Amino acid sequence: MKIRLIDPAYEHPFIGHSQRVIKRIWFAHLTLTTLAALTPSDIDVRITDENVEPIDFDEEVDLVGVTGMIIHASRAYEIAHRFRERGVPVVMGGPHASSLPLEAKQHVDAVVRGEAEKVWTDLIRDFQHGSLKPFYRADDYCSMEGLPPPRLDLLKKDAYMTINCVQTTRGCPYSCDYCHVTHFFGKTYRCRPLNEVITEVNRLEGNFLVFIDDNIAGNRQYAKEFFTQLKPLKKQWAGQASITIARDPELLRLAADSGCVSLFIGMESLSAANLESVKKSFNRPGQFEDAIKALHDFDIMILAGFIFGLDYDDEGVFERTLRFCERNRIELPSFFLLTPLPGTPLFQRMESEERLLHQDWKQYNGATVVFRPKLMTEETLQQGFNWVCKEGYSLNSIFKRVIHPQQRFFTRLLSNIAYRSITQRSPESAVPSLSRILQRMNDTIPVRNTRDLIQRAGEKITERKQAIGQRAADTLRLYSLYNERLKTLLVRLEGSIDLEGSKELARRLKGALDARIQRITLDFNDVKAFSSEAMALLARQGFLQREEKGLLVAINAPDPTH
Ligand code: SF4
């Protein structure tokens, strides 16, 4: 009996991975090599990764297995149709088929839901007895003990950056709204016995490997012990972790000592409100810069994921995020559009709010807008995304991010050149027109006459004395968000306003007036102190109107006469 397991090609509107790029940045997946390892030894099992070699649709084969996420779904179905036309049965598993088994079943003979390890040998036995069932579902999650080493020998060795891929844990302790990991693996975080992992790593050729865990430091104690045992093997490795790894100096030092050279970290957004809205508030934007510095101090290269289109993103988000990456020398920023994956809480929310534009899975690729964003139009979101992909890998931006007296400069540069060859194929696009205005609006305005201000401030001073005593009110911070749909600029003020500050504020607000801004709403709720001159100036210039009719609307504004 012969089984062909297939990883369908990654299809994308403008990202095509040439073999040269795959060789530089791509590593093999473990799903099919693990299933191959579980296949009874009297069966001839082969693997085709369509990303690196073509599928032989005329091959004499008894059973075909395809896997894939949502971006692979259309291609997986096409592959299934081609084999089934010839009478070859096809089974499908992976996150997409697990989320939408009834849909998948329309295209294949059998669907595997959840982790396939637990049902794979039953499925093969049923097939051999002519009694293949339409659905297979593991009743619980697979044990991480005694997993056979993946059949890396079945992969096209020289086609990838590396085929040395190892898994130490499965799942993630967090459950971000948009992520498939917790949906697929449940609220479990399972760790393999360390001796088995170390044996597997020891067996690999070469000194570089990739840990494909979704969060290699999800269990700090386990990770610390693992890194300690890994160190004597003198390997270099790349992996993926949540940013919480950088908050534990001992953990980070152990990771670096064990050979960690790069980490993919999902930062996602510079807005705390955004992160909260998708249940990722363990990411704290105020601590990002320190975390990045801590990683760089250990010479760990950062691949940072950012998502655009979250509910508090306005059209300034693209430039704001890119400048952050440049300022902090993030070596490889990865930009994605928010994509509601079926089965996730985000998908359910978008569906109930009627914000999904369609369910054409081919376009659920992380680079095409498939939902209605809150603060901007679909067109602006797509435009800004195309711009940031291209601009983020312009030579100018690359040099800002990689030029630094650090080790492995050439590795950083060459990885950027490989990413550039991908992203430069994104459509030409300009930065959204209000972006510059929004960048300027959000700068901090220093307060100059704090002493006078404190003496003259109104009743809020008494209420918030402590905050002022801690110099929390020495600056005026502006947080602005533009709602393109309502053509409204929402400006939240925080800190204190003195006369100079009010002049600067008025100047910036006037500078922000644009044909596209039909209303500016100023929220004074978090102003801790103000001087009466400052408020009088704002009142004279028309910034304190409380009427909904005007161009300017102030909410929670203090009375300037107090
Ligand atoms: S931390 Fe990462 S892997 Fe874990 S649930 Fe959130 S997005 Fe998914």
# chains A, B, ... in the order shown; residues from 1 in each chain; ligands from 1
>>> residues_near_ligand(ligand="ligand 1", cutoff="9 Å", atoms="only C-alpha atoms and all ligand atoms", output="JSON list (two decimals) with C-alpha atoms, in the first residue's frame")
[["chain", "number", "residue", "atom", "x", "y", "z"],
["A", 171, "GLY", "CA", -0.55, 24.75, 22.68],
["A", 172, "CYS", "CA", -0.29, 28.06, 24.45],
["A", 173, "PRO", "CA", -1.30, 29.19, 27.93],
["A", 174, "TYR", "CA", -3.02, 32.25, 26.44],
["A", 175, "SER", "CA", -6.11, 32.46, 24.28],
["A", 176, "CYS", "CA", -5.99, 35.49, 22.05],
["A", 177, "ASP", "CA", -9.28, 36.00, 20.24],
["A", 178, "TYR", "CA", -7.96, 35.74, 16.71],
["A", 179, "CYS", "CA", -5.62, 32.79, 17.17],
["A", 180, "HIS", "CA", -6.19, 29.22, 16.05],
["A", 181, "VAL", "CA", -3.71, 27.70, 18.46],
["A", 182, "THR", "CA", -5.90, 27.52, 21.53],
["A", 183, "HIS", "CA", -8.94, 26.67, 19.43],
["A", 213, "ASP", "CA", 6.39, 25.57, 19.29],
["A", 214, "ASP", "CA", 3.79, 28.32, 19.30],
["A", 215, "ASN", "CA", 5.22, 29.62, 22.55],
["A", 218, "GLY", "CA", 4.81, 29.25, 27.93],
["A", 240, "GLN", "CA", 8.61, 31.63, 18.75],
["A", 241, "ALA", "CA", 7.66, 33.05, 22.13],
["A", 242, "SER", "CA", 5.33, 35.54, 23.70],
["A", 243, "ILE", "CA", 6.95, 38.79, 24.76],
["A", 265, "ILE", "CA", 7.28, 37.56, 18.87],
["A", 266, "GLY", "CA", 3.70, 38.60, 18.27],
["A", 268, "GLU", "CA", 0.52, 42.80, 17.30],
["A", 279, "LYS", "CA", -7.62, 39.41, 24.91],
["A", 280, "LYS", "CA", -3.91, 39.98, 24.55],
["A", 282, "PHE", "CA", -0.44, 40.50, 28.66],
["A", 283, "ASN", "CA", 1.36, 42.36, 25.85]]
>>> residues_around(residues="Leu194 of chain A", least_positions_apart="6", cutoff="9 Å", atoms="only C-alpha atoms", output="PDB file with N, CA and C atoms, in the first residue's frame")
ATOM      1  N   THR A 168       8.806  21.062  21.230  1.00  0.00           N
ATOM      2  CA  THR A 168       8.995  20.712  22.651  1.00  0.00           C
ATOM      3  C   THR A 168       7.675  20.800  23.418  1.00  0.00           C
ATOM      4  N   TYR A 222       9.616  24.805  32.947  1.00  0.00           N
ATOM      5  CA  TYR A 222       9.998  23.799  31.942  1.00  0.00           C
ATOM      6  C   TYR A 222      11.042  24.400  30.991  1.00  0.00           C
ATOM      7  N   GLU A 225      14.514  24.717  32.555  1.00  0.00           N
ATOM      8  CA  GLU A 225      15.179  23.418  32.655  1.00  0.00           C
ATOM      9  C   GLU A 225      15.619  22.949  31.265  1.00  0.00           C
ATOM     10  N   PHE A 226      14.754  23.174  30.299  1.00  0.00           N
ATOM     11  CA  PHE A 226      15.083  22.750  28.932  1.00  0.00           C
ATOM     12  C   PHE A 226      16.306  23.506  28.404  1.00  0.00           C
ATOM     13  N   GLN A 229      19.473  22.217  29.865  1.00  0.00           N
ATOM     14  CA  GLN A 229      19.932  20.928  29.320  1.00  0.00           C
ATOM     15  C   GLN A 229      20.382  21.046  27.862  1.00  0.00           C
TER      16      GLN A 229
END
>>> select_by_dssp(residues="segment 203-409 of chain A", states="alpha helix (DSSP H)", output="count of residues only")
83
>>> residues_around(residues="Arg440 of chain A", least_positions_apart="3", cutoff="10 Å", atoms="only C-alpha atoms", output="PDB file with C-alpha atoms, in the first residue's frame")
ATOM      1  CA  GLY A 316      -2.077  56.637  11.314  1.00  0.00           C
ATOM      2  CA  SER A 435      -1.157  59.726   8.608  1.00  0.00           C
ATOM      3  CA  ARG A 436       1.308  62.601   9.043  1.00  0.00           C
ATOM      4  CA  ILE A 437      -1.298  64.727  10.836  1.00  0.00           C
ATOM      5  CA  ASP A 443       3.364  63.854  20.440  1.00  0.00           C
ATOM      6  CA  THR A 444       3.678  64.870  24.056  1.00  0.00           C
ATOM      7  CA  LEU A 478      -2.463  63.614  23.302  1.00  0.00           C
ATOM      8  CA  SER A 480      -5.859  60.865  18.950  1.00  0.00           C
ATOM      9  CA  ARG A 508      -1.908  71.226  16.529  1.00  0.00           C
ATOM     10  CA  LEU A 509      -5.689  71.025  16.454  1.00  0.00           C
ATOM     11  CA  GLY A 511      -3.101  71.952  11.890  1.00  0.00           C
ATOM     12  CA  ALA A 512      -5.184  68.812  12.035  1.00  0.00           C
TER      13      ALA A 512
END
>>> closest_residue(among="A:Leu35, A:Ile25, A:Gly239, A:Arg170", to="Arg420 of chain A", atoms="only C-alpha atoms")
A:Ile25
>>> closest_atom_pairs(of="segment 233-281 of chain A", to="segment 199-208 of chain A", cutoff="7 Å", atoms="only C-alpha atoms", output="JSON lines")
{"residue": "A:Lys235", "atom": "CA", "partner": "A:Asn207", "partner_atom": "CA", "distance": 4.8}
{"residue": "A:Gln236", "atom": "CA", "partner": "A:Phe208", "partner_atom": "CA", "distance": 4.8}
{"residue": "A:Trp237", "atom": "CA", "partner": "A:Phe208", "partner_atom": "CA", "distance": 5.6}
>>> write_last_selection(atoms="C-alpha atoms", output="compact mmCIF listing (two decimals), in the first residue's frame")
# COMPACT_ATOMS: atom_id res chain seq x y z
CA LYS A 235 23.37 24.35 18.89
CA GLN A 236 21.94 27.60 17.57
CA TRP A 237 18.21 27.86 17.37
>>> residues_around(residues="segment 390-395 of chain A", least_positions_apart="2", cutoff="8 Å", atoms="only C-alpha atoms", output="JSON, numbers by chain")
{"A": [322, 333, 386, 387, 388, 397, 398, 399, 416, 419, 420, 423, 424, 425, 426, 428]}
>>> write_last_selection(atoms="C-alpha atoms", output="PDB file, in the first residue's frame")
ATOM      1  CA  LEU A 322       6.824  51.295  11.031  1.00  0.00           C
ATOM      2  CA  PRO A 333       8.892  43.094  11.121  1.00  0.00           C
ATOM      3  CA  ASN A 386       0.222  47.589   1.080  1.00  0.00           C
ATOM      4  CA  TRP A 387       2.194  50.739   1.874  1.00  0.00           C
ATOM      5  CA  VAL A 388       3.682  49.434   5.124  1.00  0.00           C
ATOM      6  CA  SER A 397      13.983  51.242   6.291  1.00  0.00           C
ATOM      7  CA  ILE A 398      16.164  48.124   6.205  1.00  0.00           C
ATOM      8  CA  PHE A 399      19.283  50.165   6.917  1.00  0.00           C
ATOM      9  CA  ASN A 416      15.961  41.454   5.133  1.00  0.00           C
ATOM     10  CA  TYR A 419      11.918  39.451   2.879  1.00  0.00           C
ATOM     11  CA  ARG A 420      12.304  42.464   0.617  1.00  0.00           C
ATOM     12  CA  THR A 423       7.215  42.345  -0.019  1.00  0.00           C
ATOM     13  CA  GLN A 424       8.327  44.423  -2.979  1.00  0.00           C
ATOM     14  CA  ARG A 425       5.730  42.556  -5.031  1.00  0.00           C
ATOM     15  CA  SER A 426       2.931  44.117  -3.012  1.00  0.00           C
ATOM     16  CA  GLU A 428       2.184  50.281  -5.120  1.00  0.00           C
TER      17      GLU A 428
END
>>> decode(residues="segment 137-148 of chain A", atoms="N, CA and C atoms", output="CSV table (one decimal), in the first residue's frame")
chain,number,residue,atom,x,y,z
A,137,ARG,N,-12.4,11.8,14.8
A,137,ARG,CA,-12.2,12.8,15.7
A,137,ARG,C,-11.5,12.2,17.0
A,138,ALA,N,-10.4,12.7,17.4
A,138,ALA,CA,-9.7,12.2,18.6
A,138,ALA,C,-10.6,12.7,19.8
A,139,ASP,N,-10.8,11.8,20.7
A,139,ASP,CA,-11.7,12.2,21.9
A,139,ASP,C,-10.9,13.1,22.9
A,140,ASP,N,-9.6,13.0,22.9
A,140,ASP,CA,-8.9,14.0,23.7
A,140,ASP,C,-7.6,14.4,23.0
A,141,TYR,N,-6.7,15.1,23.8
A,141,TYR,CA,-5.5,15.6,23.1
A,141,TYR,C,-4.4,14.5,23.3
A,142,CYS,N,-3.5,14.5,22.3
A,142,CYS,CA,-2.5,13.5,22.3
A,142,CYS,C,-1.4,13.7,23.4
A,143,SER,N,-1.0,12.6,23.9
A,143,SER,CA,0.1,12.6,24.9
A,143,SER,C,1.4,13.1,24.2
A,144,MET,N,2.2,13.8,25.0
A,144,MET,CA,3.4,14.3,24.4
A,144,MET,C,4.6,13.3,24.7
A,145,GLU,N,4.2,12.2,25.4
A,145,GLU,CA,5.3,11.2,25.7
A,145,GLU,C,5.4,10.2,24.6
A,146,GLY,N,6.6,9.8,24.3
A,146,GLY,CA,6.8,8.7,23.4
A,146,GLY,C,6.5,9.0,21.9
A,147,LEU,N,6.4,10.3,21.6
A,147,LEU,CA,6.2,10.6,20.1
A,147,LEU,C,7.3,10.1,19.3
A,148,PRO,N,7.1,9.5,18.2
A,148,PRO,CA,8.2,9.0,17.4
A,148,PRO,C,8.9,10.2,16.7
